[in-house]
>>> print(open('start_12.cif').read())   # mmCIF, C-alpha atoms; chains and numbers go by the auth columns
data_target
loop_
_atom_site.group_PDB
_atom_site.id
_atom_site.type_symbol
_atom_site.label_atom_id
_atom_site.label_comp_id
_atom_site.label_asym_id
_atom_site.label_seq_id
_atom_site.Cartn_x
_atom_site.Cartn_y
_atom_site.Cartn_z
_atom_site.B_iso_or_equiv
_atom_site.auth_seq_id
_atom_site.auth_asym_id
ATOM 1 C CA MET A 1 -39.667 30.765 85.869 0.00 1 J
ATOM 2 C CA ASN A 2 -36.307 29.733 84.419 0.00 2 J
ATOM 3 C CA ASN A 3 -35.235 26.097 84.440 0.00 3 J
ATOM 4 C CA ASN A 4 -32.127 26.893 82.358 0.00 4 J
ATOM 5 C CA LYS A 5 -33.854 25.164 79.458 0.00 5 J
ATOM 6 C CA PRO A 6 -34.053 27.127 76.198 0.00 6 J
ATOM 7 C CA ALA A 7 -37.566 27.834 74.979 0.00 7 J
ATOM 8 C CA LEU A 8 -38.685 26.446 71.636 0.00 8 J
ATOM 9 C CA GLN A 9 -38.541 29.089 68.927 0.00 9 J
ATOM 10 C CA VAL A 10 -41.530 27.455 67.203 0.00 10 J
ATOM 11 C CA SER A 11 -44.334 25.464 68.878 0.00 11 J
ATOM 12 C CA ALA A 12 -44.540 21.652 68.699 0.00 12 J
ATOM 13 C CA LEU A 13 -46.520 19.813 66.020 0.00 13 J
ATOM 14 C CA CYS A 14 -48.915 16.937 66.811 0.00 14 J
ATOM 15 C CA ASN A 15 -48.924 15.245 63.379 0.00 15 J
ATOM 16 C CA GLY A 16 -47.381 16.295 60.100 0.00 16 J
ATOM 17 C CA THR A 17 -44.060 17.245 58.580 0.00 17 J
ATOM 18 C CA VAL A 18 -41.308 19.607 59.638 0.00 18 J
ATOM 19 C CA ILE A 19 -38.855 20.760 56.984 0.00 19 J
ATOM 20 C CA ASP A 20 -35.854 21.962 58.938 0.00 20 J
ATOM 21 C CA HIS A 21 -32.422 23.424 58.201 0.00 21 J
ATOM 22 C CA ILE A 22 -33.582 25.313 55.135 0.00 22 J
ATOM 23 C CA PRO A 23 -31.008 27.981 54.256 0.00 23 J
ATOM 24 C CA ALA A 24 -32.683 31.274 55.227 0.00 24 J
ATOM 25 C CA ASP A 25 -32.246 32.688 51.711 0.00 25 J
ATOM 26 C CA LYS A 26 -34.015 29.634 50.201 0.00 26 J
ATOM 27 C CA LEU A 27 -37.018 29.495 52.564 0.00 27 J
ATOM 28 C CA PHE A 28 -39.508 31.317 50.353 0.00 28 J
ATOM 29 C CA ALA A 29 -38.398 29.385 47.262 0.00 29 J
ATOM 30 C CA VAL A 30 -39.316 26.191 49.140 0.00 30 J
ATOM 31 C CA VAL A 31 -42.617 27.758 50.268 0.00 31 J
ATOM 32 C CA ASN A 32 -43.481 28.500 46.626 0.00 32 J
ATOM 33 C CA LEU A 33 -42.284 25.124 45.315 0.00 33 J
ATOM 34 C CA LEU A 34 -44.574 23.287 47.721 0.00 34 J
ATOM 35 C CA ASP A 35 -47.438 25.736 47.089 0.00 35 J
ATOM 36 C CA ILE A 36 -47.752 26.326 50.826 0.00 36 J
ATOM 37 C CA PRO A 37 -50.076 29.364 50.430 0.00 37 J
ATOM 38 C CA SER A 38 -52.821 27.177 48.945 0.00 38 J
ATOM 39 C CA MET A 39 -52.683 24.529 51.690 0.00 39 J
ATOM 40 C CA GLN A 40 -55.658 24.237 54.007 0.00 40 J
ATOM 41 C CA SER A 41 -53.575 22.774 56.853 0.00 41 J
ATOM 42 C CA ASN A 42 -52.116 24.735 59.736 0.00 42 J
ATOM 43 C CA VAL A 43 -48.699 25.955 58.543 0.00 43 J
ATOM 44 C CA THR A 44 -45.943 27.564 60.576 0.00 44 J
ATOM 45 C CA ILE A 45 -43.084 29.284 58.779 0.00 45 J
ATOM 46 C CA GLY A 46 -40.037 30.436 60.675 0.00 46 J
ATOM 47 C CA ASN A 47 -37.259 32.478 59.127 0.00 47 J
ATOM 48 C CA ASN A 48 -33.879 33.612 60.403 0.00 48 J
ATOM 49 C CA LEU A 49 -34.044 31.177 63.321 0.00 49 J
ATOM 50 C CA ASP A 50 -30.788 30.476 65.128 0.00 50 J
ATOM 51 C CA SER A 51 -28.935 27.418 63.844 0.00 51 J
ATOM 52 C CA LYS A 52 -25.618 25.946 64.947 0.00 52 J
ATOM 53 C CA LYS A 53 -25.278 24.319 61.527 0.00 53 J
ATOM 54 C CA LEU A 54 -26.239 27.270 59.269 0.00 54 J
ATOM 55 C CA GLY A 55 -26.070 30.365 61.457 0.00 55 J
ATOM 56 C CA LYS A 56 -29.593 31.351 60.401 0.00 56 J
ATOM 57 C CA LYS A 57 -32.162 28.950 59.015 0.00 57 J
ATOM 58 C CA GLY A 58 -35.724 28.612 57.840 0.00 58 J
ATOM 59 C CA LEU A 59 -38.260 26.060 58.990 0.00 59 J
ATOM 60 C CA ILE A 60 -41.680 24.964 57.746 0.00 60 J
ATOM 61 C CA LYS A 61 -44.166 22.963 59.828 0.00 61 J
ATOM 62 C CA VAL A 62 -47.241 21.588 58.093 0.00 62 J
ATOM 63 C CA ALA A 63 -49.900 19.907 60.205 0.00 63 J
ATOM 64 C CA ASP A 64 -51.432 16.656 58.974 0.00 64 J
ATOM 65 C CA LYS A 65 -49.401 16.645 55.738 0.00 65 J
ATOM 66 C CA TYR A 66 -46.832 14.103 54.600 0.00 66 J
ATOM 67 C CA PHE A 67 -45.011 15.075 51.425 0.00 67 J
ATOM 68 C CA THR A 68 -44.680 12.782 48.415 0.00 68 J
ATOM 69 C CA ASP A 69 -41.321 11.764 46.961 0.00 69 J
ATOM 70 C CA GLU A 70 -41.939 14.137 44.043 0.00 70 J
ATOM 71 C CA GLU A 71 -42.506 17.068 46.409 0.00 71 J
ATOM 72 C CA VAL A 72 -39.350 16.185 48.343 0.00 72 J
ATOM 73 C CA ASN A 73 -37.390 15.924 45.080 0.00 73 J
ATOM 74 C CA ARG A 74 -38.551 19.445 44.168 0.00 74 J
ATOM 75 C CA ILE A 75 -37.183 20.732 47.480 0.00 75 J
ATOM 76 C CA SER A 76 -33.807 19.096 46.779 0.00 76 J
ATOM 77 C CA LEU A 77 -33.344 21.250 43.669 0.00 77 J
ATOM 78 C CA VAL A 78 -33.333 24.547 45.565 0.00 78 J
ATOM 79 C CA ALA A 79 -32.345 23.465 49.075 0.00 79 J
ATOM 80 C CA PRO A 80 -30.431 20.179 49.135 0.00 80 J
ATOM 81 C CA ASN A 81 -29.572 18.758 52.545 0.00 81 J
ATOM 82 C CA VAL A 82 -32.644 20.047 54.367 0.00 82 J
ATOM 83 C CA VAL A 83 -33.895 17.751 57.119 0.00 83 J
ATOM 84 C CA LEU A 84 -37.357 16.248 56.822 0.00 84 J
ATOM 85 C CA ASN A 85 -39.010 15.195 60.090 0.00 85 J
ATOM 86 C CA ILE A 86 -42.190 13.097 60.098 0.00 86 J
ATOM 87 C CA ILE A 87 -44.158 13.752 63.290 0.00 87 J
ATOM 88 C CA LYS A 88 -46.832 11.507 64.816 0.00 88 J
ATOM 89 C CA ASP A 89 -48.306 12.124 68.272 0.00 89 J
ATOM 90 C CA TYR A 90 -45.690 14.835 68.932 0.00 90 J
ATOM 91 C CA LYS A 91 -42.853 12.375 68.301 0.00 91 J
ATOM 92 C CA VAL A 92 -40.381 12.266 65.436 0.00 92 J
ATOM 93 C CA VAL A 93 -40.977 8.867 63.817 0.00 93 J
ATOM 94 C CA GLU A 94 -38.712 9.465 60.819 0.00 94 J
ATOM 95 C CA LYS A 95 -35.892 11.899 60.231 0.00 95 J
ATOM 96 C CA ARG A 96 -33.923 12.102 57.033 0.00 96 J
ATOM 97 C CA GLU A 97 -31.681 14.467 55.162 0.00 97 J
ATOM 98 C CA VAL A 98 -33.067 15.288 51.735 0.00 98 J
ATOM 99 C CA GLN A 99 -30.654 14.397 48.945 0.00 99 J
ATOM 100 C CA MET A 100 -31.014 15.004 45.233 0.00 100 J
ATOM 101 C CA PRO A 101 -32.277 11.825 43.559 0.00 101 J
ATOM 102 C CA ASP A 102 -30.503 10.254 40.596 0.00 102 J
ATOM 103 C CA ASP A 103 -33.468 11.032 38.314 0.00 103 J
ATOM 104 C CA PHE A 104 -35.989 13.868 38.101 0.00 104 J
ATOM 105 C CA HIS A 105 -39.274 12.833 36.438 0.00 105 J
ATOM 106 C CA ASN A 106 -41.445 15.675 35.131 0.00 106 J
ATOM 107 C CA ILE A 107 -40.009 18.264 37.529 0.00 107 J
ATOM 108 C CA VAL A 108 -37.452 20.178 35.436 0.00 108 J
ATOM 109 C CA LYS A 109 -38.095 21.875 32.088 0.00 109 J
ATOM 110 C CA CYS A 110 -35.510 21.324 29.375 0.00 110 J
ATOM 111 C CA SER A 111 -33.920 24.557 28.171 0.00 111 J
ATOM 112 C CA ASN A 112 -33.288 23.188 24.672 0.00 112 J
ATOM 113 C CA PRO A 113 -36.112 24.522 22.436 0.00 113 J
ATOM 114 C CA ASN A 114 -35.549 21.591 20.048 0.00 114 J
ATOM 115 C CA CYS A 115 -35.916 18.938 22.745 0.00 115 J
ATOM 116 C CA ILE A 116 -38.820 16.594 22.140 0.00 116 J
ATOM 117 C CA THR A 117 -40.217 17.425 25.599 0.00 117 J
ATOM 118 C CA ASN A 118 -40.773 21.002 24.416 0.00 118 J
ATOM 119 C CA ASN A 119 -42.454 19.940 21.181 0.00 119 J
ATOM 120 C CA GLU A 120 -44.496 16.873 22.098 0.00 120 J
ATOM 121 C CA PRO A 121 -46.810 16.174 25.051 0.00 121 J
ATOM 122 C CA MET A 122 -44.418 14.046 27.103 0.00 122 J
ATOM 123 C CA ALA A 123 -42.867 14.117 30.547 0.00 123 J
ATOM 124 C CA THR A 124 -39.334 15.342 31.044 0.00 124 J
ATOM 125 C CA LEU A 125 -36.607 13.163 32.522 0.00 125 J
ATOM 126 C CA PHE A 126 -33.284 14.424 33.837 0.00 126 J
ATOM 127 C CA HIS A 127 -30.397 12.426 35.262 0.00 127 J
ATOM 128 C CA LEU A 128 -28.078 13.759 37.949 0.00 128 J
ATOM 129 C CA VAL A 129 -24.607 13.419 36.437 0.00 129 J
ATOM 130 C CA ASP A 130 -22.563 15.380 39.000 0.00 130 J
ATOM 131 C CA ARG A 131 -23.921 15.697 42.540 0.00 131 J
ATOM 132 C CA GLU A 132 -21.134 18.022 43.721 0.00 132 J
ATOM 133 C CA LYS A 133 -21.552 20.517 40.880 0.00 133 J
ATOM 134 C CA GLY A 134 -25.320 19.985 40.613 0.00 134 J
ATOM 135 C CA THR A 135 -25.270 19.017 36.946 0.00 135 J
ATOM 136 C CA LEU A 136 -28.380 17.508 35.338 0.00 136 J
ATOM 137 C CA LYS A 137 -28.622 15.967 31.862 0.00 137 J
ATOM 138 C CA CYS A 138 -31.769 15.673 29.767 0.00 138 J
ATOM 139 C CA HIS A 139 -32.505 12.041 28.953 0.00 139 J
ATOM 140 C CA TYR A 140 -33.760 12.906 25.454 0.00 140 J
ATOM 141 C CA CYS A 141 -31.518 15.631 24.022 0.00 141 J
ATOM 142 C CA GLU A 142 -28.598 15.192 26.468 0.00 142 J
ATOM 143 C CA LYS A 143 -28.348 18.923 27.161 0.00 143 J
ATOM 144 C CA GLU A 144 -26.668 19.551 30.506 0.00 144 J
ATOM 145 C CA LYS A 145 -27.656 22.264 32.955 0.00 145 J
ATOM 146 C CA ASN A 146 -26.885 23.324 36.480 0.00 146 J
ATOM 147 C CA VAL A 147 -29.618 22.876 39.102 0.00 147 J
ATOM 148 C CA LYS A 148 -29.272 26.554 40.022 0.00 148 J
ATOM 149 C CA LYS A 149 -30.391 27.469 36.510 0.00 149 J
ATOM 150 C CA THR A 150 -33.296 25.062 36.231 0.00 150 J
ATOM 151 C CA GLU A 151 -36.828 26.043 35.411 0.00 151 J
ATOM 152 C CA LEU A 152 -39.304 23.880 37.273 0.00 152 J
ATOM 153 C CA LEU A 153 -42.548 22.607 35.792 0.00 153 J
#
>>> encode(input="start_12.cif", output="structure tokens")
Amino acid sequence: MNNNKPALQVSALCNGTVIDHIPADKLFAVVNLLDIPSMQSNVTIGNNLDSKKLGKKGLIKVADKYFTDEEVNRISLVAPNVVLNIIKDYKVVEKREVQMPDDFHNIVKCSNPNCITNNEPMATLFHLVDREKGTLKCHYCEKEKNVKKTELL
């Protein structure tokens, strides 16, 4: 039976979150960042799916899970511009493109061994100083680093 309607590559989700338009080469970094393997929810991971925007993309569907701002900020470090879809009763109730925030609280480790955050029990704080280049600056020691070279906590 062919109604000239393309079939879904991944089945629909009743309630939860869909992280879409993940660059295919960043999919498993996002899976690890969100600690998907330890989740008890139903999780669907699709890789190398066809995408008009990216050519090939990754996708993660997590049933009955809505990610916190901190979790979304972590995603933005490795895969900025992914699309987050909040699903309720099989309907998209919120859709937004993930952007890097202006500040990263306790997400990124400072690479300066003399920074106070590496020598005292305190949270790190980084400011985004150049969105285009992906440059972050430590609030305490002012060391700059590129998001591609960040070590996450």
>>> resolve_selection(input="start_12.cif", expression="the PyMOL selection byres ((chain J and resi 112-122) around 12)", output="NGL selection string")
:J and (105-111 or 123-126 or 137-145 or 150-151 or 153)
>>> closest_residue(input="start_12.cif", among="J:Lys65, J:Arg96, J:Lys148, J:His21", to="Gly134 of chain J", atoms="all atoms listed in the file")
J:Lys148
>>> resolve_selection(input="start_12.cif", expression="the PyMOL selection byres ((chain J and resi 67) around 12)", output="list of chain:residue names")
J:Gly16, J:Thr17, J:Val18, J:Ile19, J:Leu34, J:Asp35, J:Ile36, J:Lys61, J:Val62, J:Ala63, J:Asp64, J:Lys65, J:Tyr66, J:Thr68, J:Asp69, J:Glu70, J:Glu71, J:Val72, J:Asn73, J:Arg74, J:Ile75, J:Leu84, J:Asn85, J:Ile86, J:Ile87, J:Val98
>>> resolve_selection(input="start_12.cif", expression="the PyMOL selection byres ((chain J and resi 27) around 10)", output="PDB file with C-alpha atoms, in the coordinates of the input")
ATOM      1  CA  ILE J  19     -38.855  20.760  56.984  1.00  0.00           C
ATOM      2  CA  ASP J  20     -35.854  21.962  58.938  1.00  0.00           C
ATOM      3  CA  HIS J  21     -32.422  23.424  58.201  1.00  0.00           C
ATOM      4  CA  ILE J  22     -33.582  25.313  55.135  1.00  0.00           C
ATOM      5  CA  PRO J  23     -31.008  27.981  54.256  1.00  0.00           C
ATOM      6  CA  ALA J  24     -32.683  31.274  55.227  1.00  0.00           C
ATOM      7  CA  ASP J  25     -32.246  32.688  51.711  1.00  0.00           C
ATOM      8  CA  LYS J  26     -34.015  29.634  50.201  1.00  0.00           C
ATOM      9  CA  PHE J  28     -39.508  31.317  50.353  1.00  0.00           C
ATOM     10  CA  ALA J  29     -38.398  29.385  47.262  1.00  0.00           C
ATOM     11  CA  VAL J  30     -39.316  26.191  49.140  1.00  0.00           C
ATOM     12  CA  VAL J  31     -42.617  27.758  50.268  1.00  0.00           C
ATOM     13  CA  ASN J  32     -43.481  28.500  46.626  1.00  0.00           C
ATOM     14  CA  LEU J  33     -42.284  25.124  45.315  1.00  0.00           C
ATOM     15  CA  ILE J  45     -43.084  29.284  58.779  1.00  0.00           C
ATOM     16  CA  GLY J  46     -40.037  30.436  60.675  1.00  0.00           C
ATOM     17  CA  ASN J  47     -37.259  32.478  59.127  1.00  0.00           C
ATOM     18  CA  ASN J  48     -33.879  33.612  60.403  1.00  0.00           C
ATOM     19  CA  LYS J  57     -32.162  28.950  59.015  1.00  0.00           C
ATOM     20  CA  GLY J  58     -35.724  28.612  57.840  1.00  0.00           C
ATOM     21  CA  LEU J  59     -38.260  26.060  58.990  1.00  0.00           C
ATOM     22  CA  ILE J  60     -41.680  24.964  57.746  1.00  0.00           C
ATOM     23  CA  VAL J  78     -33.333  24.547  45.565  1.00  0.00           C
ATOM     24  CA  ALA J  79     -32.345  23.465  49.075  1.00  0.00           C
TER      25      ALA J  79
END
>>> closest_residue(input="start_12.cif", among="J:Asn15, J:Thr44, J:Ser76, J:Asn81", to="Leu152 of chain J", atoms="only C-alpha atoms")
J:Ser76
>>> atom_distance(input="start_12.cif", atom1="atom CA of Val82 of chain J", atom2="atom CA of Ser41 of chain J")
21.3 Å
>>> build_atoms(input="start_12.cif", residues="segment 9-24 of chain J", atoms="N, CA and C atoms", output="CSV table (one decimal), keeping the file's coordinate frame")
chain,number,residue,atom,x,y,z
J,9,GLN,N,-38.3,27.9,69.7
J,9,GLN,CA,-38.5,29.1,68.9
J,9,GLN,C,-39.9,29.0,68.2
J,10,VAL,N,-40.3,27.7,67.9
J,10,VAL,CA,-41.5,27.5,67.2
J,10,VAL,C,-42.3,26.3,67.9
J,11,SER,N,-43.6,26.4,68.1
J,11,SER,CA,-44.3,25.5,68.9
J,11,SER,C,-44.3,24.1,68.3
J,12,ALA,N,-44.6,23.1,69.1
J,12,ALA,CA,-44.5,21.7,68.7
J,12,ALA,C,-45.7,21.3,67.8
J,13,LEU,N,-45.5,20.3,67.0
J,13,LEU,CA,-46.5,19.8,66.0
J,13,LEU,C,-47.0,18.4,66.4
J,14,CYS,N,-48.3,18.2,66.4
J,14,CYS,CA,-48.9,16.9,66.8
J,14,CYS,C,-48.7,15.9,65.7
J,15,ASN,N,-49.1,16.2,64.5
J,15,ASN,CA,-48.9,15.2,63.4
J,15,ASN,C,-48.6,16.1,62.1
J,16,GLY,N,-47.7,15.6,61.3
J,16,GLY,CA,-47.4,16.3,60.1
J,16,GLY,C,-45.9,16.2,59.8
J,17,THR,N,-45.4,17.2,59.1
J,17,THR,CA,-44.1,17.2,58.6
J,17,THR,C,-43.4,18.6,59.0
J,18,VAL,N,-42.1,18.4,59.4
J,18,VAL,CA,-41.3,19.6,59.6
J,18,VAL,C,-40.1,19.6,58.6
J,19,ILE,N,-40.0,20.6,57.9
J,19,ILE,CA,-38.9,20.8,57.0
J,19,ILE,C,-37.9,21.7,57.7
J,20,ASP,N,-36.8,21.2,58.1
J,20,ASP,CA,-35.9,22.0,58.9
J,20,ASP,C,-34.5,22.2,58.2
J,21,HIS,N,-33.8,23.1,58.7
J,21,HIS,CA,-32.4,23.4,58.2
J,21,HIS,C,-32.5,23.9,56.8
J,22,ILE,N,-33.5,24.7,56.4
J,22,ILE,CA,-33.6,25.3,55.1
J,22,ILE,C,-32.7,26.6,55.2
J,23,PRO,N,-31.8,26.7,54.3
J,23,PRO,CA,-31.0,28.0,54.3
J,23,PRO,C,-32.0,29.2,54.2
J,24,ALA,N,-31.7,30.2,55.1
J,24,ALA,CA,-32.7,31.3,55.2
J,24,ALA,C,-33.0,31.9,53.9
